[in-house]
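Chemist: So I've got this file, final-v2.cif, and it contains mmCIF, C-alpha atoms:
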```
data_input
loop_
_atom_site.label_atom_id
_atom_site.label_comp_id
_atom_site.auth_asym_id
_atom_site.auth_seq_id
_atom_site.Cartn_x
_atom_site.Cartn_y
_atom_site.Cartn_z
CA MET A 1 -0.76 49.62 -152.78
CA LYS A 2 0.24 53.18 -153.60
CA LEU A 3 -1.20 56.39 -152.17
CA THR A 4 -0.29 60.07 -152.40
CA ASN A 5 -0.81 62.91 -149.96
CA ARG A 6 -4.07 63.66 -151.77
CA ASP A 7 -5.72 60.38 -150.78
CA PHE A 8 -3.72 59.26 -147.75
CA ALA A 9 -6.11 60.81 -145.21
CA ALA A 10 -9.07 58.95 -146.76
CA LYS A 11 -7.41 55.58 -147.36
CA GLY A 12 -4.53 55.44 -144.88
CA ARG A 13 -6.58 53.98 -142.02
CA GLY A 14 -7.70 51.09 -144.20
CA ALA A 15 -4.11 50.42 -145.24
CA ALA A 16 -3.02 50.42 -141.59
CA GLY A 17 -5.31 47.47 -140.99
CA SER A 18 -4.52 45.49 -144.14
CA CYS A 19 -0.78 46.09 -144.72
CA SER A 20 2.31 45.32 -142.67
CA ILE A 21 5.03 47.25 -144.56
CA PHE A 22 4.76 51.01 -145.08
CA PHE A 23 7.19 53.09 -147.17
CA PHE A 24 6.85 56.89 -146.93
CA CYS A 25 8.74 58.92 -149.52
CA GLY A 26 8.59 62.03 -151.69
CA GLN A 27 9.87 65.60 -151.67
CA ASP A 28 7.71 66.62 -148.69
CA GLU A 29 9.74 64.91 -145.97
CA ALA A 30 7.86 66.76 -143.23
CA GLY A 31 4.49 65.63 -144.56
CA ALA A 32 5.70 62.05 -144.98
CA SER A 33 6.99 61.95 -141.40
CA ALA A 34 3.77 63.40 -140.01
CA ALA A 35 1.68 60.89 -141.99
CA ALA A 36 3.88 58.02 -140.79
CA ASN A 37 3.30 59.10 -137.20
CA ASP A 38 -0.45 59.16 -137.84
CA LEU A 39 -0.32 55.71 -139.38
CA ALA A 40 1.53 54.32 -136.35
CA THR A 41 -1.43 55.36 -134.19
CA TRP A 42 -3.86 53.70 -136.62
CA LEU A 43 -2.20 50.28 -136.39
CA PRO A 44 -4.54 47.73 -134.75
CA GLU A 45 -1.95 47.02 -132.05
CA PRO A 46 1.05 49.37 -132.41
CA GLY A 47 2.74 48.35 -129.16
CA GLU A 48 6.38 49.21 -128.56
CA ARG A 49 8.32 51.21 -131.16
CA VAL A 50 11.74 49.86 -132.15
CA GLU A 51 13.80 52.44 -134.07
CA LEU A 52 16.44 51.56 -136.67
CA SER A 53 18.38 53.69 -139.13
CA GLY A 54 18.80 53.05 -142.82
CA ALA A 55 22.56 52.94 -142.36
CA GLU A 56 22.21 50.09 -139.83
CA LEU A 57 20.08 48.08 -142.24
CA ARG A 58 22.34 48.79 -145.18
CA GLY A 59 25.21 47.24 -143.24
CA ASP A 60 23.13 44.29 -141.99
CA PRO A 61 20.10 43.59 -144.27
CA ALA A 62 19.03 40.52 -142.25
CA ARG A 63 18.56 42.57 -139.09
CA LEU A 64 15.17 43.96 -140.11
CA GLY A 65 13.65 40.50 -140.46
CA ASP A 66 15.18 39.39 -137.17
CA GLU A 67 13.78 42.39 -135.34
CA ALA A 68 10.36 42.21 -137.02
CA ARG A 69 9.89 38.54 -136.15
CA SER A 70 11.19 38.69 -132.59
CA THR A 71 9.12 39.63 -129.55
CA SER A 72 9.76 42.10 -126.78
CA LEU A 73 11.08 41.00 -123.39
CA PHE A 74 7.55 40.74 -122.02
CA GLY A 75 5.95 39.38 -125.17
CA ASP A 76 4.20 42.67 -126.02
CA LYS A 77 3.33 43.87 -129.51
CA ARG A 78 5.78 46.09 -131.35
CA HIS A 79 6.36 47.90 -134.62
CA ILE A 80 9.61 48.85 -136.37
CA TRP A 81 10.32 52.48 -137.30
CA VAL A 82 13.10 53.05 -139.84
CA ARG A 83 14.55 56.44 -140.78
CA ALA A 84 16.35 55.97 -144.07
CA THR A 85 17.90 57.97 -146.88
CA GLY A 86 17.10 56.96 -150.46
CA ASP A 87 17.24 53.20 -150.93
CA ASP A 88 19.16 52.43 -147.72
CA ALA A 89 16.46 50.00 -146.58
CA HIS A 90 15.93 48.28 -149.96
CA ASP A 91 18.02 45.16 -149.35
CA ALA A 92 16.63 44.73 -145.83
CA LEU A 93 13.03 44.98 -147.08
CA LYS A 94 13.82 42.56 -149.89
CA VAL A 95 15.12 40.02 -147.38
CA LEU A 96 12.08 40.59 -145.15
CA THR A 97 9.57 40.06 -147.95
CA GLU A 98 11.37 37.12 -149.56
CA THR A 99 11.74 35.24 -146.28
CA GLY A 100 8.12 36.01 -145.43
CA ASP A 101 6.96 34.64 -148.78
CA MET A 102 8.91 31.46 -148.04
CA GLY A 103 7.12 30.96 -144.72
CA ALA A 104 9.51 32.51 -142.22
CA GLY A 105 6.62 33.55 -139.99
CA GLU A 106 4.56 36.62 -139.18
CA ALA A 107 6.41 39.92 -138.86
CA CYS A 108 5.34 43.00 -136.95
CA PRO A 109 4.50 46.19 -138.87
CA VAL A 110 7.47 48.00 -140.43
CA ILE A 111 7.27 51.75 -141.13
CA VAL A 112 10.03 53.30 -143.26
CA VAL A 113 10.38 57.07 -143.71
CA ALA A 114 12.90 57.63 -146.52
CA THR A 115 14.23 61.09 -147.32
CA SER A 116 15.42 61.70 -150.89
CA ALA A 117 13.38 58.73 -152.15
CA THR A 118 10.51 58.82 -154.66
CA ASP A 119 7.99 56.39 -156.10
CA LYS A 120 10.59 55.67 -158.81
CA SER A 121 13.11 54.33 -156.29
CA ARG A 122 14.06 50.65 -156.14
CA THR A 123 12.38 50.30 -152.76
CA ALA A 124 9.08 51.74 -153.99
CA LYS A 125 9.15 49.45 -157.03
CA LEU A 126 9.83 46.48 -154.74
CA LEU A 127 6.76 47.16 -152.61
CA GLU A 128 4.09 48.97 -154.62
CA LYS A 129 2.50 45.87 -156.18
CA ARG A 130 2.44 43.84 -152.98
CA LYS A 131 -0.90 43.46 -151.21
CA ASP A 132 0.77 43.60 -147.80
CA ALA A 133 2.67 46.85 -148.48
CA LEU A 134 1.87 50.54 -148.86
CA VAL A 135 3.97 53.10 -150.73
CA ALA A 136 2.93 56.62 -149.70
CA LEU A 137 4.25 59.47 -151.87
CA PHE A 138 4.17 63.04 -150.55
CA TYR A 139 4.51 66.02 -152.88
CA PRO A 140 5.56 69.47 -151.61
CA PRO A 141 2.54 71.01 -149.86
CA ASP A 142 0.72 74.15 -150.87
CA LEU A 143 -1.16 76.57 -148.66
CA ARG A 144 -4.57 75.19 -149.67
CA SER A 145 -3.65 71.73 -148.41
CA VAL A 146 -1.85 72.78 -145.22
CA VAL A 147 -4.51 75.16 -143.86
CA PRO A 148 -7.16 72.39 -143.50
CA ALA A 149 -4.50 70.18 -141.89
CA VAL A 150 -3.77 72.92 -139.34
CA ARG A 151 -7.46 73.29 -138.56
CA ALA A 152 -7.75 69.52 -138.10
CA MET A 153 -4.79 69.58 -135.69
CA ALA A 154 -6.44 72.41 -133.77
CA ASP A 155 -9.79 70.59 -133.60
CA ALA A 156 -8.06 67.50 -132.21
CA ALA A 157 -6.38 69.65 -129.54
CA GLY A 158 -9.56 71.50 -128.58
CA VAL A 159 -8.54 74.80 -130.20
CA ARG A 160 -11.07 76.54 -132.42
CA LEU A 161 -9.25 78.37 -135.20
CA GLY A 162 -10.66 80.73 -137.78
CA GLY A 163 -9.41 80.31 -141.33
CA ASP A 164 -7.21 83.40 -141.06
CA LEU A 165 -5.41 82.08 -137.97
CA ALA A 166 -4.96 78.63 -139.51
CA GLU A 167 -3.45 80.26 -142.59
CA ARG A 168 -1.16 82.38 -140.42
CA ILE A 169 0.13 79.30 -138.60
CA ALA A 170 0.65 77.49 -141.91
CA ARG A 171 2.60 80.39 -143.36
CA GLY A 172 4.62 80.90 -140.18
CA ALA A 173 5.60 77.23 -140.23
CA ASN A 174 6.70 77.53 -143.87
CA LEU A 175 4.07 74.88 -144.73
CA ASP A 176 5.87 72.35 -142.48
CA VAL A 177 3.11 70.36 -140.78
CA ARG A 178 5.41 69.21 -137.97
CA LEU A 179 6.24 72.78 -137.00
CA ALA A 180 2.58 73.73 -137.38
CA GLN A 181 1.68 70.92 -135.00
CA SER A 182 4.20 72.29 -132.50
CA GLU A 183 2.55 75.71 -132.70
CA VAL A 184 -0.95 74.24 -132.26
CA THR A 185 0.23 72.24 -129.24
CA LYS A 186 1.73 75.37 -127.66
CA LEU A 187 -1.48 77.26 -128.35
CA ALA A 188 -3.59 74.53 -126.70
CA LEU A 189 -1.37 74.59 -123.61
CA TYR A 190 -1.52 78.39 -123.45
CA LEU A 191 -5.34 78.36 -123.66
CA ASP A 192 -5.69 75.30 -121.39
CA ALA A 193 -7.80 73.81 -124.17
CA SER A 194 -8.77 70.17 -124.64
CA PRO A 195 -11.16 68.21 -126.87
CA GLN A 196 -13.55 68.05 -123.90
CA SER A 197 -13.25 71.81 -123.23
CA PRO A 198 -12.56 73.57 -126.56
CA VAL A 199 -11.50 77.21 -126.57
CA ASN A 200 -11.70 79.84 -129.31
CA ALA A 201 -8.26 81.20 -130.23
CA THR A 202 -7.62 84.82 -131.13
CA ALA A 203 -4.88 86.66 -132.98
CA GLU A 204 -3.66 87.98 -129.63
CA ASP A 205 -3.28 84.42 -128.32
CA LEU A 206 -1.22 83.48 -131.35
CA ASP A 207 0.92 86.59 -130.90
CA ALA A 208 1.64 85.50 -127.35
CA ILE A 209 3.01 82.07 -128.27
CA GLY A 210 3.90 82.48 -131.96
CA ALA A 211 7.38 81.59 -133.16
CA ALA A 212 9.31 83.99 -135.36
CA SER A 213 9.30 83.24 -139.05
CA ASP A 214 12.03 81.11 -140.60
CA GLU A 215 13.54 84.13 -142.34
CA ASP A 216 13.68 86.26 -139.19
CA GLY A 217 14.42 83.50 -136.72
CA PHE A 218 15.82 80.23 -138.03
CA MET A 219 17.66 80.87 -141.26
CA PRO A 220 20.65 82.94 -140.07
CA LEU A 221 21.49 80.14 -137.64
CA VAL A 222 20.85 77.44 -140.27
CA ASN A 223 23.14 79.16 -142.77
CA ALA A 224 25.88 79.75 -140.21
CA VAL A 225 25.94 76.13 -139.04
CA MET A 226 25.48 74.45 -142.41
CA GLY A 227 28.07 76.73 -143.99
CA GLY A 228 30.68 75.95 -141.32
CA GLN A 229 30.88 79.55 -140.07
CA THR A 230 31.84 78.56 -136.53
CA ASN A 231 32.55 82.16 -135.46
CA ARG A 232 28.86 83.03 -135.96
CA ILE A 233 27.41 80.14 -133.94
CA ALA A 234 27.58 81.64 -130.45
CA PRO A 235 25.94 84.97 -131.40
CA GLU A 236 23.20 83.21 -133.38
CA ILE A 237 22.44 80.77 -130.55
CA ALA A 238 22.26 83.73 -128.14
CA ARG A 239 19.82 85.43 -130.53
CA MET A 240 17.79 82.21 -130.71
CA LYS A 241 17.38 82.31 -126.91
CA GLN A 242 16.45 86.00 -126.95
CA LEU A 243 13.74 85.37 -129.52
CA GLY A 244 12.47 82.41 -127.53
CA LEU A 245 12.62 80.04 -130.49
CA ASN A 246 11.56 76.50 -129.75
CA PRO A 247 14.62 74.16 -129.95
CA VAL A 248 12.65 71.45 -131.74
CA GLY A 249 11.32 74.01 -134.21
CA VAL A 250 14.86 75.20 -134.86
CA LEU A 251 16.02 71.63 -135.44
CA LEU A 252 13.18 71.05 -137.89
CA ALA A 253 14.55 73.93 -139.97
CA PHE A 254 17.88 72.06 -140.14
CA GLU A 255 16.11 68.84 -141.10
CA ARG A 256 14.33 70.63 -143.94
CA ARG A 257 17.60 72.11 -145.20
CA ALA A 258 19.38 68.72 -145.03
CA ALA A 259 16.52 67.12 -146.99
CA GLN A 260 16.71 69.93 -149.54
CA LEU A 261 20.47 69.45 -149.99
CA ALA A 262 19.91 65.71 -150.45
CA ARG A 263 17.32 66.38 -153.17
CA ILE A 264 19.67 68.78 -154.93
CA ALA A 265 22.53 66.28 -154.77
CA ALA A 266 20.28 63.55 -156.19
CA GLU A 267 19.16 65.87 -159.03
CA LEU A 268 22.73 66.82 -159.92
CA GLY A 269 24.45 63.45 -159.69
CA SER A 270 28.06 64.21 -160.57
CA ARG A 271 27.24 67.56 -162.24
CA PRO A 272 28.18 70.90 -160.65
CA TYR A 273 25.69 73.13 -158.83
CA THR A 274 25.94 75.74 -161.59
CA ASP A 275 24.25 73.30 -164.01
CA LEU A 276 20.84 73.91 -162.39
CA ASP A 277 18.56 76.05 -164.53
CA LYS A 278 15.76 78.30 -163.27
CA GLY A 279 13.13 75.57 -163.57
CA ALA A 280 15.19 73.09 -161.57
CA LYS A 281 15.91 75.70 -158.89
CA ALA A 282 12.22 76.49 -158.54
CA ARG A 283 11.37 72.78 -158.33
CA LEU A 284 14.03 72.25 -155.65
CA GLY A 285 12.97 75.27 -153.60
CA ILE A 286 16.12 77.32 -154.22
CA PHE A 287 15.14 80.97 -153.97
CA TYR A 288 17.26 83.78 -155.36
CA LYS A 289 18.31 85.24 -152.02
CA GLU A 290 19.51 81.83 -150.80
CA GLU A 291 21.28 80.60 -153.94
CA ARG A 292 24.78 81.39 -152.75
CA GLU A 293 24.29 79.97 -149.23
CA ILE A 294 22.75 76.74 -150.55
CA GLY A 295 25.54 76.34 -153.12
CA THR A 296 28.16 76.78 -150.39
CA GLN A 297 26.43 74.31 -148.10
CA LEU A 298 26.06 71.76 -150.88
CA SER A 299 29.81 71.91 -151.55
CA ARG A 300 30.49 71.32 -147.84
CA TRP A 301 28.13 68.36 -147.37
CA ARG A 302 28.11 66.65 -150.78
CA GLN A 303 31.51 65.00 -150.34
CA ARG A 304 32.34 61.69 -148.62
CA ASN A 305 28.70 60.73 -147.88
CA ASN A 306 28.52 63.58 -145.37
CA LEU A 307 24.83 64.15 -146.18
CA ASP A 308 24.00 60.67 -144.90
CA ARG A 309 25.98 61.33 -141.73
CA LEU A 310 24.27 64.68 -141.29
CA THR A 311 20.80 63.14 -141.61
CA LEU A 312 21.60 60.49 -138.99
CA ARG A 313 23.01 63.09 -136.62
CA LEU A 314 19.90 65.27 -136.93
CA VAL A 315 17.68 62.26 -136.20
CA GLU A 316 19.75 61.53 -133.09
CA MET A 317 19.51 65.16 -131.98
CA HIS A 318 15.74 65.18 -132.51
CA ARG A 319 15.41 62.15 -130.26
CA GLU A 320 17.69 63.73 -127.63
CA LEU A 321 15.66 66.95 -127.55
CA LEU A 322 12.36 65.12 -127.16
CA THR A 323 13.64 62.92 -124.34
CA ASN A 324 15.56 65.68 -122.51
CA SER A 325 13.32 68.70 -122.94
CA GLN A 326 14.72 70.54 -119.90
CA ALA A 327 18.21 70.53 -121.41
CA ALA A 328 17.01 71.02 -124.99
CA GLU A 329 18.71 74.38 -125.55
CA LEU A 330 22.08 73.10 -124.31
CA LEU A 331 21.85 69.88 -126.33
CA LEU A 332 20.89 71.83 -129.44
CA ALA A 333 23.80 74.25 -129.02
CA GLN A 334 26.28 71.41 -128.55
CA GLY A 335 24.94 69.46 -131.52
CA LEU A 336 24.90 72.44 -133.86
CA THR A 337 28.46 73.39 -132.90
CA GLY A 338 29.60 69.88 -133.83
CA ILE A 339 27.79 70.06 -137.18
CA ALA A 340 29.35 73.45 -137.92
CA ARG A 341 32.82 72.05 -137.25
CA VAL A 342 32.24 69.23 -139.76
CA ALA A 343 31.01 71.74 -142.33
CA GLY A 344 34.00 73.98 -141.64
CA ALA A 345 36.37 71.08 -142.22
CA GLY A 346 35.02 70.82 -145.77
CA ARG A 347 36.21 74.29 -146.74
#
```
I need this file expressed as structure tokens, please.
Modeler:
Amino acid sequence: MKLTNRDFAAKGRGAAGSCSIFFFCGQDEAGASAAANDLATWLPEPGERVELSGAELRGDPARLGDEARSTSLFGDKRHIWVRATGDDAHDALKVLTETGDMGAGEACPVIVVATSATDKSRTAKLLEKRKDALVALFYPPDLRSVVPAVRAMADAAGVRLGGDLAERIARGANLDVRLAQSEVTKLALYLDASPQSPVNATAEDLDAIGAASDEDGFMPLVNAVMGGQTNRIAPEIARMKQLGLNPVGVLLAFERRAAQLARIAAELGSRPYTDLDKGAKARLGIFYKEEREIGTQLSRWRQRNNLDRLTLRLVEMHRELLTNSQAAELLLAQGLTGIARVAGAGR
């Protein structure tokens, strides 16, 4: 089965009940991740989440099948969550499906979120015609699609948003539904809202909790770290604290940039950055004022599979921030300093 972001909301719940393998891909990595999280809640019995990386499965393709067919210590249900890049999980999924077809036994649900992968990838081709698998392709969002999603998030949290406020949140999050969800959650906490006790939000409420825009808040720090400008890290982190930027929101900006660099690298292959024409730059989200920074960052991270390493490190940092929220600012500062040093070594 194959769905896109246009029909996932309508048909995703049905797929959650009829399929056991789910492959999320496409240029909108944020939308794919958010949809995968929704699908995990729609599983009949989601149980415990077991997380694996694409790099782990690439090195040991049999591990996915072993994990999917084993039980937890107390015999509870479980599902496997895989964060992969491109076709990292292809061989592991091939082993899982082939052994399953030969009668190896029932496997728990497997959800794969693959950055830099499309419906033309080997993994998508492996799964899209199977009745027990779903390939979900997510195109870059536009404002018309994100605003209703923001309003749905708000409704679920007990926050009543007018269309103008929903659009403001969508724009402020740079159409990233994960960051928009973070803003809606903060707004619900600020208003003490819940589905049982909904509250109308105002522009003043949003002003009180609203994050700065990417351009004013996140991007100077993103460009300093990703460009290996270690001397700028401390001042930018201090500015981040002064602005009160949410550490997870800041990290999401880095995840978006890493995904963008991976898409550019995949588009170019072995060709130089200067080969991109205006159409390709527009398609890849390279705006005029960021051309030089993105070109510099691509040259730092394109070599020696550093993009794969960067993606894995950002996933680790995301997990650390969510599990250690009180120390989130310190963990973020330490992690970003390490990333900047790696980028600086590529000068």
Chemist: Could the residues of range 87-203 of chain A that have an atom at most 9 Å from range 245-256 of chain A be listed as a tab-separated table, each with its closest atom pair and the distance in Å to one decimal, counting all atoms listed in the file and ordered by chain and ascending residue number?
Modeler:
```
residue	atom	partner	partner_atom	distance
A:Ala173	CA	A:Gly249	CA	8.9
A:Asp176	CA	A:Leu252	CA	8.7
A:Arg178	CA	A:Leu252	CA	8.0
A:Leu179	CA	A:Gly249	CA	5.9
A:Ser182	CA	A:Gly249	CA	7.5
```
Chemist: Draw an axis-aligned box over all listed atoms of range 159-166 of chain A, pad each side with 6 Å, and write its centre and edge lengths in Å, one decimal, as lines of an AutoDock Vina configuration file.
Modeler:
```
center_x = -8.0
center_y = 79.1
center_z = -135.8
size_x = 18.1
size_y = 20.6
size_z = 23.1
```
Chemist: Could you list the residues chosen by the PyMOL selection byres ((chain A and resi 119) around 9) in this structure as a PyMOL selection string?
Modeler: chain A and resi 2+25-26+117-118+120-125+128+135-137
Chemist: Can you measure CA of His318 in chain A to CA of Asp87 in chain A for me? One decimal in Å is fine.
Modeler: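 These two atoms are separated by 22.0 Å.
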Chemist: Taking all atoms listed in the file into account, which of A:Met240, A:Ala107, A:Val177, A:Val184 comes nearest Val146 in chain A?
Modeler: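 Closest to Val146 in chain A, using all atoms listed in the file: A:Val177.
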Chemist: Pick the closest to Ser299 in chain A from A:Leu321, A:Leu261, A:Ala328, A:Ala208: which is it, counting all atoms listed in the file?
Modeler: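 The shortest atom-to-atom distance to Ser299 in chain A comes from A:Leu261.
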Chemist: Applying 9 Å and all atoms listed in the file, which residues near range 225-228 of chain A remain after dropping the ones on its own chain fewer than 4 positions away? List them as a PyMOL selection string.
Modeler: chain A and resi 220-221+232-233+254+257-258+293-294+296-298+300-301+336-347
Chemist: Restricted to C-alpha atoms, what would the selected residues look like written as a PDB file, in the frame of the given file?
Modeler:
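Result written to again09.pdb:
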```pdb
ATOM      1  CA  PRO A 220      20.650  82.940-140.070  1.00  0.00           C
ATOM      2  CA  LEU A 221      21.490  80.140-137.640  1.00  0.00           C
ATOM      3  CA  ARG A 232      28.860  83.030-135.960  1.00  0.00           C
ATOM      4  CA  ILE A 233      27.410  80.140-133.940  1.00  0.00           C
ATOM      5  CA  PHE A 254      17.880  72.060-140.140  1.00  0.00           C
ATOM      6  CA  ARG A 257      17.600  72.110-145.200  1.00  0.00           C
ATOM      7  CA  ALA A 258      19.380  68.720-145.030  1.00  0.00           C
ATOM      8  CA  GLU A 293      24.290  79.970-149.230  1.00  0.00           C
ATOM      9  CA  ILE A 294      22.750  76.740-150.550  1.00  0.00           C
ATOM     10  CA  THR A 296      28.160  76.780-150.390  1.00  0.00           C
ATOM     11  CA  GLN A 297      26.430  74.310-148.100  1.00  0.00           C
ATOM     12  CA  LEU A 298      26.060  71.760-150.880  1.00  0.00           C
ATOM     13  CA  ARG A 300      30.490  71.320-147.840  1.00  0.00           C
ATOM     14  CA  TRP A 301      28.130  68.360-147.370  1.00  0.00           C
ATOM     15  CA  LEU A 336      24.900  72.440-133.860  1.00  0.00           C
ATOM     16  CA  THR A 337      28.460  73.390-132.900  1.00  0.00           C
ATOM     17  CA  GLY A 338      29.600  69.880-133.830  1.00  0.00           C
ATOM     18  CA  ILE A 339      27.790  70.060-137.180  1.00  0.00           C
ATOM     19  CA  ALA A 340      29.350  73.450-137.920  1.00  0.00           C
ATOM     20  CA  ARG A 341      32.820  72.050-137.250  1.00  0.00           C
ATOM     21  CA  VAL A 342      32.240  69.230-139.760  1.00  0.00           C
ATOM     22  CA  ALA A 343      31.010  71.740-142.330  1.00  0.00           C
ATOM     23  CA  GLY A 344      34.000  73.980-141.640  1.00  0.00           C
ATOM     24  CA  ALA A 345      36.370  71.080-142.220  1.00  0.00           C
ATOM     25  CA  GLY A 346      35.020  70.820-145.770  1.00  0.00           C
ATOM     26  CA  ARG A 347      36.210  74.290-146.740  1.00  0.00           C
TER      27      ARG A 347
END
```
Chemist: A:Pro272, A:Gly47, A:Pro198, A:Pro140: which is nearest Thr4 in chain A, counting all atoms listed in the file?
Modeler: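 Smallest separation from Thr4 in chain A among the options: A:Pro140.
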Chemist: Work out how far apart CA of Ala201 in chain A and CA of Ala34 in chain A are and give it in Å to one decimal.
Modeler: 23.6 Å
Chemist: CA of Leu191 in chain A to CA of Leu331 in chain A: how many Å, to one decimal?
Modeler: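 Computing it gives 28.6 Å between the two atoms.
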Chemist: Produce range 179-191 of chain A of the given structure as output with N, CA, C and O atoms, as an mmCIF file, in the first residue's frame.
Modeler:
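That gives us out15.cif:
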```
data_model
loop_
_atom_site.group_PDB
_atom_site.id
_atom_site.type_symbol
_atom_site.label_atom_id
_atom_site.label_comp_id
_atom_site.auth_asym_id
_atom_site.auth_seq_id
_atom_site.Cartn_x
_atom_site.Cartn_y
_atom_site.Cartn_z
ATOM 1 N N LEU A 179 7.599 21.466 15.325
ATOM 2 C CA LEU A 179 7.791 22.702 16.065
ATOM 3 C C LEU A 179 6.450 23.362 16.360
ATOM 4 O O LEU A 179 6.247 23.927 17.441
ATOM 5 N N ALA A 180 5.520 23.283 15.415
ATOM 6 C CA ALA A 180 4.178 23.817 15.655
ATOM 7 C C ALA A 180 3.516 23.093 16.818
ATOM 8 O O ALA A 180 2.849 23.713 17.660
ATOM 9 N N GLN A 181 3.699 21.785 16.887
ATOM 10 C CA GLN A 181 3.132 21.021 17.998
ATOM 11 C C GLN A 181 3.723 21.469 19.326
ATOM 12 O O GLN A 181 3.023 21.572 20.343
ATOM 13 N N SER A 182 5.033 21.765 19.330
ATOM 14 C CA SER A 182 5.676 22.259 20.541
ATOM 15 C C SER A 182 5.058 23.581 20.983
ATOM 16 O O SER A 182 4.808 23.801 22.173
ATOM 17 N N GLU A 183 4.778 24.470 20.021
ATOM 18 C CA GLU A 183 4.172 25.757 20.352
ATOM 19 C C GLU A 183 2.749 25.577 20.875
ATOM 20 O O GLU A 183 2.341 26.248 21.831
ATOM 21 N N VAL A 184 1.979 24.677 20.277
ATOM 22 C CA VAL A 184 0.611 24.426 20.734
ATOM 23 C C VAL A 184 0.624 23.853 22.148
ATOM 24 O O VAL A 184 -0.191 24.232 23.002
ATOM 25 N N THR A 185 1.554 22.943 22.410
ATOM 26 C CA THR A 185 1.661 22.352 23.748
ATOM 27 C C THR A 185 1.990 23.417 24.787
ATOM 28 O O THR A 185 1.400 23.448 25.880
ATOM 29 N N LYS A 186 2.933 24.313 24.459
ATOM 30 C CA LYS A 186 3.272 25.405 25.379
ATOM 31 C C LYS A 186 2.060 26.316 25.614
ATOM 32 O O LYS A 186 1.812 26.769 26.742
ATOM 33 N N LEU A 187 1.321 26.574 24.549
ATOM 34 C CA LEU A 187 0.154 27.438 24.665
ATOM 35 C C LEU A 187 -0.911 26.799 25.566
ATOM 36 O O LEU A 187 -1.524 27.475 26.406
ATOM 37 N N ALA A 188 -1.111 25.488 25.428
ATOM 38 C CA ALA A 188 -2.089 24.784 26.265
ATOM 39 C C ALA A 188 -1.678 24.831 27.731
ATOM 40 O O ALA A 188 -2.524 25.028 28.625
ATOM 41 N N LEU A 189 -0.383 24.663 27.998
ATOM 42 C CA LEU A 189 0.094 24.730 29.382
ATOM 43 C C LEU A 189 -0.092 26.136 29.949
ATOM 44 O O LEU A 189 -0.496 26.312 31.105
ATOM 45 N N TYR A 190 0.224 27.136 29.135
ATOM 46 C CA TYR A 190 0.105 28.529 29.574
ATOM 47 C C TYR A 190 -1.350 28.865 29.918
ATOM 48 O O TYR A 190 -1.635 29.564 30.896
ATOM 49 N N LEU A 191 -2.290 28.363 29.118
ATOM 50 C CA LEU A 191 -3.708 28.661 29.314
ATOM 51 C C LEU A 191 -4.386 27.704 30.290
ATOM 52 O O LEU A 191 -5.556 27.905 30.623
#
```
